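Structure file model.txt with compact mmCIF, C-alpha atoms and all ligand atoms:
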```txt
# COMPACT_ATOMS: atom_id res chain seq x y z
CA MET A 1 129.72 126.89 87.40
CA ASP A 2 128.44 123.33 86.91
CA TYR A 3 125.26 122.11 88.54
CA GLU A 4 123.47 118.86 88.96
CA LEU A 5 119.89 118.13 89.94
CA ARG A 6 119.55 115.90 92.95
CA ILE A 7 116.38 113.89 93.56
CA VAL A 8 115.81 113.56 97.30
CA VAL A 9 113.04 111.87 99.25
CA GLU A 10 112.36 113.27 102.71
CA LYS A 11 110.41 111.58 105.46
CA VAL A 12 108.73 114.36 107.42
CA ALA A 13 106.89 114.36 110.75
CA VAL A 14 103.50 115.80 109.77
CA SER A 15 102.90 117.72 113.02
CA SER A 16 106.32 119.38 113.40
CA GLN A 17 107.46 119.25 109.77
CA GLU A 18 110.78 117.90 111.05
CA VAL A 19 112.72 115.90 108.46
CA VAL A 20 113.50 112.56 110.09
CA LYS A 21 115.04 110.82 107.09
CA ARG A 22 116.47 111.92 103.80
CA ASP A 23 117.44 109.64 100.94
CA THR A 24 119.20 110.79 97.82
CA ILE A 25 117.77 108.72 94.99
CA THR A 26 119.81 109.93 92.07
CA SER A 27 121.20 113.02 90.45
CA TYR A 28 121.25 114.31 86.92
CA ALA A 29 124.03 116.34 85.34
CA LEU A 30 122.74 119.66 84.06
CA GLN A 31 123.89 120.12 80.50
CA CYS A 32 122.62 121.93 77.47
CA PRO A 33 120.62 119.44 75.39
CA THR A 34 121.98 119.08 71.89
CA SER A 35 119.15 116.96 70.50
CA ILE A 36 115.50 116.33 71.35
CA GLY A 37 116.46 112.95 72.79
CA GLU A 38 118.36 114.77 75.52
CA LEU A 39 115.36 116.90 76.51
CA GLY A 40 114.12 115.70 79.86
CA LEU A 41 114.57 112.14 81.01
CA ARG A 42 114.74 109.17 78.67
CA HIS A 43 112.27 106.29 78.87
CA ALA A 44 114.60 104.03 80.87
CA GLU A 45 115.56 106.88 83.24
CA GLN A 46 111.89 107.60 83.95
CA ILE A 47 111.13 103.96 84.73
CA ASP A 48 114.26 103.74 86.89
CA LEU A 49 113.29 106.87 88.82
CA LEU A 50 109.85 105.42 89.53
CA ALA A 51 111.41 102.16 90.66
CA GLN A 52 113.73 103.93 93.09
CA VAL A 53 110.95 106.07 94.55
CA GLN A 54 108.83 102.94 94.94
CA ASN A 55 111.67 101.20 96.79
CA ILE A 56 111.63 103.92 99.41
CA VAL A 57 107.83 103.99 99.68
CA LEU A 58 107.75 100.20 100.05
CA ALA A 59 110.49 100.18 102.70
CA GLU A 60 108.46 102.66 104.77
CA GLN A 61 105.16 100.86 104.18
CA SER A 62 106.63 97.48 105.14
CA ILE A 63 107.33 98.86 108.65
CA LEU A 64 103.64 99.75 108.98
CA LEU A 65 102.20 96.42 107.78
CA ASP A 66 99.61 95.01 110.14
CA LEU A 67 100.69 91.41 110.66
CA GLY A 68 97.83 90.50 112.96
CA THR A 69 98.07 89.08 116.46
CA HIS A 70 100.76 90.21 118.93
CA VAL A 71 100.53 87.06 121.04
CA CYS A 72 101.24 83.46 120.10
CA PRO A 73 98.03 81.83 118.80
CA ALA A 74 99.32 78.43 119.98
CA CYS A 75 100.26 79.18 123.61
CA GLY A 76 99.38 82.84 124.27
CA ASP A 77 102.97 83.84 125.06
CA THR A 78 104.42 87.05 123.68
CA LEU A 79 105.97 87.14 120.23
CA LYS A 80 109.50 88.24 119.51
CA LYS A 81 111.08 89.53 116.34
CA ASN A 82 112.82 86.90 114.27
CA GLY A 83 114.53 88.60 111.33
CA TYR A 84 112.99 89.46 108.01
CA LYS A 85 111.44 87.64 105.08
CA ALA A 86 112.11 89.08 101.65
CA SER A 87 109.19 88.70 99.27
CA ASN A 88 108.60 89.76 95.70
CA PHE A 89 106.24 92.49 94.64
CA HIS A 90 105.49 93.43 91.04
CA ALA A 91 104.31 96.99 90.49
CA VAL A 92 103.19 98.41 87.15
CA PHE A 93 106.65 99.33 85.90
CA SER A 94 109.06 97.76 88.37
CA ASP A 95 109.80 94.70 90.49
CA HIS A 96 110.64 94.99 94.15
CA THR A 97 111.73 93.05 97.17
CA VAL A 98 109.72 93.85 100.27
CA ARG A 99 111.30 92.94 103.61
CA ILE A 100 108.65 91.95 106.12
CA GLN A 101 109.27 91.36 109.84
CA LYS A 102 109.09 87.74 110.97
CA HIS A 103 108.06 86.75 114.50
CA CYS A 104 108.38 83.66 116.64
CA CYS A 105 106.94 82.66 119.99
CA SER A 106 109.10 83.64 122.96
CA HIS A 107 108.28 80.38 124.76
CA PRO A 108 111.28 78.11 124.11
CA ALA A 109 109.21 74.91 123.88
CA CYS A 110 106.48 76.30 121.60
CA GLY A 111 108.16 76.77 118.23
CA TRP A 112 105.30 78.78 116.62
CA GLN A 113 106.49 81.28 114.05
CA ARG A 114 105.07 83.65 111.50
CA THR A 115 106.70 84.33 108.14
CA PRO A 116 104.47 86.79 106.27
CA THR A 117 104.87 87.49 102.58
CA VAL A 118 103.20 90.01 100.28
CA THR A 119 101.06 87.15 98.94
CA SER A 120 100.05 85.84 102.37
CA LEU A 121 99.07 89.34 103.49
CA PHE A 122 97.34 90.58 100.33
CA GLY A 123 96.43 87.44 98.38
CA ALA A 124 98.70 88.32 95.44
CA ASN A 125 102.08 89.85 94.73
CA ILE A 126 101.10 91.60 91.51
CA HIS A 127 99.64 95.09 91.81
CA PRO A 128 96.08 95.20 90.39
CA ASP A 129 97.11 97.97 87.99
CA LEU A 130 99.60 95.58 86.36
CA ALA A 131 97.05 92.75 86.42
CA THR A 132 94.63 95.07 84.58
CA LEU A 133 97.23 95.74 81.89
CA HIS A 134 97.91 92.00 81.56
CA CYS A 135 94.20 91.28 81.10
CA ALA A 136 93.64 94.09 78.60
CA GLN A 137 96.68 93.02 76.56
CA GLY A 138 95.83 89.32 76.86
CA ALA A 139 92.29 89.99 75.64
CA LEU A 140 93.35 92.08 72.63
CA TYR A 141 96.49 90.33 71.40
CA SER A 142 98.17 86.95 71.31
CA TYR A 143 100.01 86.29 74.58
CA ARG A 144 103.37 86.62 72.85
CA GLU A 145 102.37 89.94 71.29
CA ALA A 146 101.06 91.09 74.67
CA LYS A 147 104.45 90.30 76.19
CA LYS A 148 106.19 92.33 73.47
CA ASN A 149 103.87 95.32 74.03
CA LEU A 150 104.38 95.24 77.78
CA GLU A 151 108.15 95.03 77.28
CA ALA A 152 108.13 97.95 74.87
CA TRP A 153 106.24 100.20 77.31
CA ASN A 154 108.32 99.10 80.26
CA GLY A 155 111.61 99.58 78.42
CA HIS A 156 113.08 96.28 79.61
CA PRO A 157 112.03 92.62 79.86
CA ARG A 158 110.49 91.48 83.16
CA ARG A 159 109.66 87.90 84.08
CA VAL A 160 106.25 89.00 85.34
CA ASN A 161 105.37 90.19 81.82
CA ASN A 162 106.17 86.91 80.07
CA HIS A 163 103.47 85.35 77.89
CA THR A 164 102.59 82.49 80.27
CA HIS A 165 102.00 85.01 83.03
CA VAL A 166 99.76 87.13 80.80
CA LYS A 167 97.85 83.98 79.81
CA ARG A 168 97.40 82.85 83.40
CA MET A 169 96.12 86.27 84.46
CA THR A 170 93.76 86.57 81.47
CA ASP A 171 92.39 83.04 82.05
CA LYS A 172 91.90 83.66 85.75
CA VAL A 173 90.01 86.93 85.30
CA GLY A 174 88.10 85.51 82.30
CA ALA A 175 86.88 82.60 84.48
CA VAL A 176 85.64 85.02 87.16
CA LEU A 177 83.85 87.14 84.53
CA ALA A 178 82.24 84.03 82.99
CA ASP A 179 80.96 83.00 86.45
CA GLN A 180 79.57 86.50 86.98
CA ASN A 181 77.78 86.43 83.62
CA ALA A 182 76.11 83.14 84.55
CA LEU A 183 74.60 84.58 87.75
CA PRO A 184 70.93 85.66 87.61
CA PRO A 185 70.52 89.44 87.95
CA SER A 186 69.67 90.84 91.39
CA ALA A 187 66.09 91.94 92.17
CA GLU A 188 67.12 95.63 91.97
CA GLU A 189 68.40 95.16 88.43
CA CYS A 190 65.11 93.59 87.24
CA ALA A 191 61.91 95.38 86.25
CA ALA A 192 59.14 95.54 88.85
CA PRO A 193 56.92 92.41 88.95
CA ALA A 194 54.02 92.61 86.49
CA SER A 195 50.50 92.37 87.88
CA ASP A 196 49.06 90.79 84.70
CA VAL A 197 50.33 88.57 81.96
CA ILE A 198 48.72 89.02 78.55
CA ILE A 199 49.02 86.09 76.18
CA ALA A 200 47.95 86.64 72.61
CA CYS A 201 46.93 83.53 70.63
CA GLU A 202 46.35 83.69 66.92
ZN ZN B 1 103.75 79.89 121.51
```

Mind converting the file's structure to structure tokens?
Amino acid sequence: MDYELRIVVEKVAVSSQEVVKRDTITSYALQCPTSIGELGLRHAEQIDLLAQVQNIVLAEQSILLDLGTHVCPACGDTLKKNGYKASNFHAVFSDHTVRIQKHCCSHPACGWQRTPTVTSLFGANIHPDLATLHCAQGALYSYREAKKNLEAWNGHPRRVNNHTHVKRMTDKVGAVLADQNALPPSAEECAAPASDVIIACE
């Protein structure tokens, strides 16, 4: 008999343990491996599996996003749903499109609308774990070498890993660190004030 392994994600109600949604992500044929390369999942398959799991996590999280006010800030009328805005999100190993609910004012003459994006909600669309990798690579290697390293680990080229992006991230974080270094230390970090100053003259 032939078998396959199916990777399924279930959304479960915590209290009742009822499965409310089930997504089949992928399946793998079960065959006897004939070489070590066939043992387990290959590099690209692992990255792809992560990407597909992330897609499901992100789709569920996007429903929960707190978009702020529920009334129109311009006229106080109620807001109504107005389709979705797709925005980019770059995780450590994969790129995603997050669909976020848009709203507009229900008053016909008002015209106020809200189009949130990952960047407008979180200040960036690159996960800090990827930004950390960019900075570490940008600090240790040339930006073009950093790009090559990131590509090699990720198994495929991604625009977010290109050398200009690595440079921009490294420069940005470097500027913040330089500012921090220029700040005087806080009182807690300094030694207690001395009661006497002894000056030796020879
Ligand atoms: Zn309004």

Grab the atom CA of Asn162 of chain A to atom CA of Glu60 of chain A distance for me, in Å with one decimal place.
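Between atom CA of Asn162 of chain A and atom CA of Glu60 of chain A the gap works out to 29.4 Å.
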
Please give me, as a list in words, the residues lying within 12 Å of ligand ZN 1 (chain B) when counting all atoms listed in the file.
Thr69, His70, Val71, Cys72, Pro73, Ala74, Cys75, Gly76, Asp77, Thr78, Leu79, Lys80, His103, Cys104, Cys105, Ser106, His107, Pro108, Ala109, Cys110, Gly111, Trp112, Gln113 and Arg114 of chain A

Using only C-alpha atoms, which protein or nucleic acid residues come within 10 Å of Arg159 of chain A? Drop anything in the same chain fewer than 6 positions from it, and give the result as a VMD selection string.
chain A and resid 90 95 147 151 165

Could you save the residues just selected, with C-alpha atoms, as a short mmCIF file (atom, residue, chain, number, x, y, z; two decimals), keeping the file's coordinate frame?
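Below is the file that was written, out_29.cif:
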```
data_model
loop_
_atom_site.label_atom_id
_atom_site.label_comp_id
_atom_site.auth_asym_id
_atom_site.auth_seq_id
_atom_site.Cartn_x
_atom_site.Cartn_y
_atom_site.Cartn_z
CA HIS A 90 105.49 93.43 91.04
CA ASP A 95 109.80 94.70 90.49
CA LYS A 147 104.45 90.30 76.19
CA GLU A 151 108.15 95.03 77.28
CA HIS A 165 102.00 85.01 83.03
#
```

Select, from A:Ser27, A:Thr97, A:Ser87, A:Thr170, the residue with the minimum atom-to-atom distance to Val118 of chain A, counting all atoms listed in the file.
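Nearest candidate to Val118 of chain A out of A:Ser27, A:Thr97, A:Ser87, A:Thr170: A:Ser87.
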
Could you jot down the atom CA of Gln54 of chain A to atom CA of His96 of chain A separation for me, Å, one decimal place?
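Answer for the atom CA of Gln54 of chain A to atom CA of His96 of chain A separation: 8.2 Å.
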